[in-house]
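These notes are about the structure you will find just below.
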Amino acid sequence: MKNPGFSSAMALALAISNFGMAQVALADDTASDAENGADKSTIVVTASRQDLLGKASTASEGTVTRAEVELRPIYRASQLFEAVPGLVVTIHSGEGKAQQYLIRGYNLDHGTDFASFVDDMPVNRPTNAHGQGYSDLNFLIPQLVAGIDYTKGPYTAGIGDFGSVASAHTRLLDDMPAQMAVTIGTDGYQELFGGGTLHFSNGGKLLGAVDLGHYDGPWQPKQNFKKVNAALRYSQGTATDGFSLTGMYYKSGGGLITDQPERAIEEGVIGRYGTLDPTDHSLSERFSLSGHLEKGLGSGQLSVSAYAIHSTMTLWNNFTHYLLDPVNGDQEEQDERRTTIGGAASYKVKHDLGGISFETVVGLNARYDGAFVDRKHTLRRTTILPYCNAQDDDGNTTTFSAVNGNCTADHVRLLDLAPYVQETVRFTPWLRAVVGLREEYYHATDRSEIDGGSYAQHQWLAQPKANLIIGPFAKTEFYASWGKGFHSNDVRGVFGTVAAEGIQASGVATPLLSSTTGVELGLRSNLIPKLQLQLAVFQQDFGSELTYNPDTGQDEAGAPSRRQGLEVGGQYHPFKWLELNADLAFSKPRYHTSDLAAYGLDQPYIADAPNFIYSAGVLVNGLGPISGGLQWRRLGTHSLNDGEKYPQDGGYSEWNLDVSYALPAGLKFTASIFNLFNSKDAAADYYYTSRLQGEPAEGITGFQTHPLEPRSARFTLSKTF
């Protein structure tokens, strides 16, 4: 690493605070936590995260406030989720692609096992053209985010597919003042935002916002990424008696600079920010409509949400260059057209019996996906080649004819129905339990245009949950949690329509649903004045680890795995005008099977799974016209070759700074500096076989790298009317 150490960083943070940057803007906020049965009463916010002492079900759940969303420096919208303790969001390609998520010793790739919801709409895409659980958050407008409710582990009955490691529910604002903002920056960055709210005599509110952006980056050639985001939201009533209807639109396109062979950079074939295939590209479009209803019904509270989403995506990627096709190269075109409809309903009722209080939540989650996903072999994005290449585990390449230009082409239908019940029992003021049961019914069909076959399968999966909470004693609460969860697998692998994703190396067929079991012990404490502390130790076992295949650009089901770890976090307010926060997370990721050889593994080490993740920051606001935030993140060491401890990557370290100055007449000027110390680390490193022209036919196995963007700056002038 080429950055100052942690002690230097904290010294810098304190120095900035002494310059007069001030108080974290903290406000009352209401967590819409129907899934975990949390009380919806207003919680007084005393930190960048809500104080959930006496309310939380687990040691690791939480809520990020609107204040942190506004003050936190972010390079791209998805980095808002780095406010979730122990989570890193990084990138190995262009802006138009879903980012990479890492937490608790898991490389969640583009979203697998990190369930993301915006306005209760699921973001993850099962059986995606590029990666299972693909979670593209580029449609999110940060200015509209009201807060983020997060969980970790499979302990909440209302959360199902992809949520067993972590989940995040992003809430949207109902009201915002009329405003405009113009941003310009280095590396060809421009952005224009405008939004506001109309108020009607019946109490209704109509919020509208548009965000236009362009970004070249340091890349060679420039990625010329363009996007448009728009949202329109009507809301009326209160949090317990009201409704909302939200429409969102997103469209983008631009170049992709994927991870490149490090030897190509060292030999001068390309520059540090160059690419061997400058025609790699992305195109995405998304429409959505979502609605909510909150209504008192009898002695309880009814919550209903529904959504409809239509999205299209095309990615052109060349990962292995000339390994499979030494003449025309290995560029792939991955296409997807998807329509998703679904919703959730829950009914919550409270009652007392013999001095014991009960809160019962009965709910149902429903989701249907209809998608067409394909993969083509292309040359410079403009020519669809009539043949395809595939490589087996022994490195042997097979060439076969494309069918109507497609190497794979599948019409997929997915149905996920999940009734659940969750009971919160308060035995005494210092003892409560939260138990739940979720029953998943998953049905999948696949019609392949390649082999002409039609396939169908379904699976039931029971997922019990149990949490015991003791306290608070001396402003300290203790938690014990246990639960079962799952992630779905790409159904093309389940049915074998994509050979590389079908039968595992062990000869065991890929299951439709891969189960997981987690256990967690922890505490949260406000015992020390002005300091909030959280601690959790955990273990989580998966029946099948998802691993990334660079040849197909897909995730594949692999060997069973286990994570053991420790997380500790804190928020300290030495003065009203200052918050210091830090989160440290340590993990031991290993394959967990007595027969590693059956899965083609020599050792139990898991590729790209980080051993630790650190972050620390300063949020300041309110002393005069100045506000801002300073954030440090550190992705730790990780093995790069599956089944081997070495080679290892050292991870990366990055500092980002955001400073705002309020001017008269509603004007505000903001300066943001990213990668403050100009780290030369890589945002992502991999270790696999690729081939440059002129190299041996079998290729060369080595480091593939995607560098962090160099130091950059953005300047924003905004006006609130």
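In the structure tokens, each chain is lettered A, B, ... as it comes, each chain's residues begin at 1, and ligands are numbered from 1 in order of appearance.
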Contacts of segment 55-95 of chain A with segment 223-244 of chain A up to 12 Å, shortest pair per row, only C-alpha atoms, as CSV:
residue,atom,partner,partner_atom,distance
A:Ala77,CA,A:Asn229,CA,11.7
A:Ser93,CA,A:Gln223,CA,10.5
A:Gly94,CA,A:Gln223,CA,7.6
A:Glu95,CA,A:Phe225,CA,7.0
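Among the residues of segment 129-167 of chain A, backbone DSSP assigns strand (DSSP E or B) to Tyr134, Val145, Ala146, Gly147, Ile148, Asp149, Tyr150, Thr151, Lys152, Ala166 and Ser167 of chain A.
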Find the residues around segment 681-698 of chain A up to 6 Å (only C-alpha atoms counted), leave out those fewer than 5 positions away in its own chain, and share them as a PDB file with N, CA and C atoms, in the first residue's frame.
ATOM      1  N   HIS A  92     -14.474  -3.203 -11.170  1.00  0.00           N
ATOM      2  CA  HIS A  92     -13.440  -3.834 -11.993  1.00  0.00           C
ATOM      3  C   HIS A  92     -13.708  -3.588 -13.471  1.00  0.00           C
ATOM      4  N   THR A 320     -10.361 -12.600 -21.589  1.00  0.00           N
ATOM      5  CA  THR A 320      -9.178 -13.439 -21.795  1.00  0.00           C
ATOM      6  C   THR A 320      -8.440 -13.113 -23.086  1.00  0.00           C
ATOM      7  N   HIS A 321      -8.956 -12.159 -23.861  1.00  0.00           N
ATOM      8  CA  HIS A 321      -8.294 -11.557 -25.019  1.00  0.00           C
ATOM      9  C   HIS A 321      -8.130 -12.528 -26.186  1.00  0.00           C
ATOM     10  N   TYR A 322      -7.042 -13.264 -26.334  1.00  0.00           N
ATOM     11  CA  TYR A 322      -6.861 -14.176 -27.470  1.00  0.00           C
ATOM     12  C   TYR A 322      -6.632 -15.609 -27.013  1.00  0.00           C
ATOM     13  N   LEU A 323      -7.163 -15.949 -25.847  1.00  0.00           N
ATOM     14  CA  LEU A 323      -6.946 -17.293 -25.318  1.00  0.00           C
ATOM     15  C   LEU A 323      -7.804 -18.330 -26.032  1.00  0.00           C
ATOM     16  N   LEU A 640      -5.887 -15.020  -4.405  1.00  0.00           N
ATOM     17  CA  LEU A 640      -6.355 -14.739  -5.761  1.00  0.00           C
ATOM     18  C   LEU A 640      -6.651 -15.993  -6.571  1.00  0.00           C
ATOM     19  N   ASN A 641      -6.020 -17.099  -6.229  1.00  0.00           N
ATOM     20  CA  ASN A 641      -6.210 -18.330  -6.992  1.00  0.00           C
ATOM     21  C   ASN A 641      -7.022 -19.311  -6.156  1.00  0.00           C
ATOM     22  N   TYR A 652      -6.489  -2.555  -1.145  1.00  0.00           N
ATOM     23  CA  TYR A 652      -6.238  -1.145  -1.453  1.00  0.00           C
ATOM     24  C   TYR A 652      -6.710  -0.254  -0.323  1.00  0.00           C
ATOM     25  N   PHE A 703      -1.550 -12.048 -13.019  1.00  0.00           N
ATOM     26  CA  PHE A 703      -2.378 -11.007 -12.413  1.00  0.00           C
ATOM     27  C   PHE A 703      -3.138 -10.231 -13.486  1.00  0.00           C
ATOM     28  N   GLN A 704      -4.406  -9.990 -13.204  1.00  0.00           N
ATOM     29  CA  GLN A 704      -5.249  -9.128 -14.027  1.00  0.00           C
ATOM     30  C   GLN A 704      -5.689  -7.974 -13.118  1.00  0.00           C
ATOM     31  N   THR A 705      -5.555  -6.752 -13.558  1.00  0.00           N
ATOM     32  CA  THR A 705      -5.726  -5.622 -12.643  1.00  0.00           C
ATOM     33  C   THR A 705      -6.615  -4.530 -13.226  1.00  0.00           C
ATOM     34  N   HIS A 706      -7.334  -3.866 -12.334  1.00  0.00           N
ATOM     35  CA  HIS A 706      -8.111  -2.675 -12.674  1.00  0.00           C
ATOM     36  C   HIS A 706      -7.723  -1.603 -11.653  1.00  0.00           C
ATOM     37  N   PRO A 707      -6.993  -0.565 -12.048  1.00  0.00           N
ATOM     38  CA  PRO A 707      -6.457   0.395 -11.083  1.00  0.00           C
ATOM     39  C   PRO A 707      -7.525   1.308 -10.501  1.00  0.00           C
ATOM     40  N   LEU A 708      -7.247   1.785  -9.289  1.00  0.00           N
ATOM     41  CA  LEU A 708      -8.040   2.880  -8.760  1.00  0.00           C
ATOM     42  C   LEU A 708      -7.897   4.098  -9.666  1.00  0.00           C
TER      43      LEU A 708
END
- request: Using DSSP on the backbone, list every residue of segment 39-111 of chain A that comes out as alpha helix (DSSP H), and give them as an MDAnalysis selection string.
  value: chainID A and resid 66:71
File dump, residues just selected, N, CA and C atoms, as an mmCIF file, in the first residue's frame:
data_model
loop_
_atom_site.group_PDB
_atom_site.id
_atom_site.type_symbol
_atom_site.label_atom_id
_atom_site.label_comp_id
_atom_site.auth_asym_id
_atom_site.auth_seq_id
_atom_site.Cartn_x
_atom_site.Cartn_y
_atom_site.Cartn_z
ATOM 1 N N ARG A 66 -30.287 10.080 7.017
ATOM 2 C CA ARG A 66 -30.220 11.036 5.912
ATOM 3 C C ARG A 66 -28.992 11.941 6.054
ATOM 4 N N ALA A 67 -28.614 12.259 7.302
ATOM 5 C CA ALA A 67 -27.465 13.137 7.518
ATOM 6 C C ALA A 67 -26.191 12.563 6.912
ATOM 7 N N GLU A 68 -25.952 11.265 7.157
ATOM 8 C CA GLU A 68 -24.734 10.672 6.599
ATOM 9 C C GLU A 68 -24.807 10.594 5.087
ATOM 10 N N VAL A 69 -25.991 10.313 4.556
ATOM 11 C CA VAL A 69 -26.162 10.264 3.104
ATOM 12 C C VAL A 69 -25.767 11.595 2.476
ATOM 13 N N GLU A 70 -26.145 12.694 3.114
ATOM 14 C CA GLU A 70 -25.860 14.015 2.564
ATOM 15 C C GLU A 70 -24.402 14.412 2.705
ATOM 16 N N LEU A 71 -23.751 13.978 3.777
ATOM 17 C CA LEU A 71 -22.397 14.446 4.066
ATOM 18 C C LEU A 71 -21.302 13.517 3.555
#
field: Contact residues around segment 590-595 of chain A with only C-alpha atoms at 7 Å, ignoring same-chain residues under 6 positions, as JSON, numbers by chain
entry: {"A": [559, 560, 561, 562, 563, 604, 605, 606]}
Once you have the residues from the selection above, write them out as a JSON list (two decimals), in the first residue's frame, restricted to N, CA and C atoms.
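The resulting result_38.json:
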[["chain", "number", "residue", "atom", "x", "y", "z"],
["A", 559, "ALA", "N", -17.83, -25.40, -4.15],
["A", 559, "ALA", "CA", -17.75, -26.19, -2.93],
["A", 559, "ALA", "C", -18.42, -25.50, -1.75],
["A", 560, "PRO", "N", -18.79, -26.27, -0.71],
["A", 560, "PRO", "CA", -19.29, -25.67, 0.53],
["A", 560, "PRO", "C", -18.23, -24.76, 1.16],
["A", 561, "SER", "N", -18.67, -23.74, 1.92],
["A", 561, "SER", "CA", -17.72, -22.77, 2.47],
["A", 561, "SER", "C", -18.15, -22.35, 3.86],
["A", 562, "ARG", "N", -17.21, -21.75, 4.59],
["A", 562, "ARG", "CA", -17.47, -21.24, 5.94],
["A", 562, "ARG", "C", -16.74, -19.92, 6.12],
["A", 563, "ARG", "N", -17.42, -18.98, 6.80],
["A", 563, "ARG", "CA", -16.78, -17.73, 7.23],
["A", 563, "ARG", "C", -16.91, -17.62, 8.74],
["A", 604, "PRO", "N", -7.92, -24.91, 1.16],
["A", 604, "PRO", "CA", -9.27, -24.40, 1.42],
["A", 604, "PRO", "C", -9.46, -22.90, 1.19],
["A", 605, "TYR", "N", -8.47, -22.23, 0.60],
["A", 605, "TYR", "CA", -8.55, -20.77, 0.47],
["A", 605, "TYR", "C", -9.48, -20.38, -0.69],
["A", 606, "ILE", "N", -10.28, -19.33, -0.45],
["A", 606, "ILE", "CA", -11.29, -18.89, -1.41],
["A", 606, "ILE", "C", -10.79, -17.65, -2.13]]
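Nearest to Ala585 of chain A of all the residues A:Val537, A:Ala366, A:Ala713, A:Leu289 is A:Val537, counting only C-alpha atoms.
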Non-local contacts of Pro126 of chain A (9 Å; only C-alpha atoms; under 2 positions in same chain excluded) as a PyMOL selection string: chain A and resi 112+124+128+131-134+369+414+488-491
field: For Pro419 of chain A: contacts at 6 Å, only C-alpha atoms, fewer than 6 positions along chain excluded, given as JSON, numbers by chain
entry: {"A": [363, 364, 439]}
Saved selection, atoms kept: N, CA and C atoms, as an mmCIF file, in the first residue's frame:
data_model
loop_
_atom_site.group_PDB
_atom_site.id
_atom_site.type_symbol
_atom_site.label_atom_id
_atom_site.label_comp_id
_atom_site.auth_asym_id
_atom_site.auth_seq_id
_atom_site.Cartn_x
_atom_site.Cartn_y
_atom_site.Cartn_z
ATOM 1 N N GLY A 363 -46.538 -12.240 6.955
ATOM 2 C CA GLY A 363 -46.285 -11.585 5.672
ATOM 3 C C GLY A 363 -46.152 -12.554 4.521
ATOM 4 N N LEU A 364 -46.110 -11.972 3.342
ATOM 5 C CA LEU A 364 -45.916 -12.731 2.108
ATOM 6 C C LEU A 364 -45.086 -11.901 1.142
ATOM 7 N N GLU A 439 -40.957 -19.789 4.625
ATOM 8 C CA GLU A 439 -41.044 -20.965 3.763
ATOM 9 C C GLU A 439 -40.973 -20.502 2.315
#
task: For segment 297-314 of chain A, list every protein, DNA or RNA residue within 9 Å, evaluated using only C-alpha atoms, and leave out those in the same chain fewer than 5 positions away; present the list as a count of residues only.
output: 37
- request: Return the single residue from A:Thr476, A:Thr510, A:Thr637, A:Asn317 that is closest to Gln532 of chain A, with distances computed using only C-alpha atoms.
  value: A:Thr476
message: What does the structure give for the distance between atom CA of Asp277 of chain A and atom CA of Leu256 of chain A, in Å to one decimal?
response: 9.3 Å
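Across the model, the gap from atom CA of Leu657 of chain A to atom CA of Tyr75 of chain A is 10.3 Å.
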query: Nearest to Asp325 of chain A: which of A:Gln540, A:Asn611, A:Asn389, A:Gln603 is it, counting only C-alpha atoms?
result: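 That would be A:Asn389, the residue with the smallest distance to Asp325 of chain A.
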message: Between atom CA of Leu102 of chain A and atom CA of Arg272 of chain A, what distance in Å does the model show, to one decimal?
response: 24.3 Å
- prompt: Which residue out of A:Asp51, A:Pro73, A:His110, A:Gly452 has the minimum interatomic distance to Leu531 of chain A when only C-alpha atoms are used?
  reply: A:Asp51
task: Select, from A:Leu619, A:Ala371, A:Leu512, A:Leu521, the residue with the minimum atom-to-atom distance to Gly543 of chain A, counting only C-alpha atoms.
output: A:Leu512
message: Measuring between only C-alpha atoms, which one of A:Gly518, A:Pro625, A:Gly204, A:Gly650 shows the shortest distance to Arg104 of chain A?
response: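 Checking each candidate against Arg104 of chain A, we get A:Gly518 as the closest.
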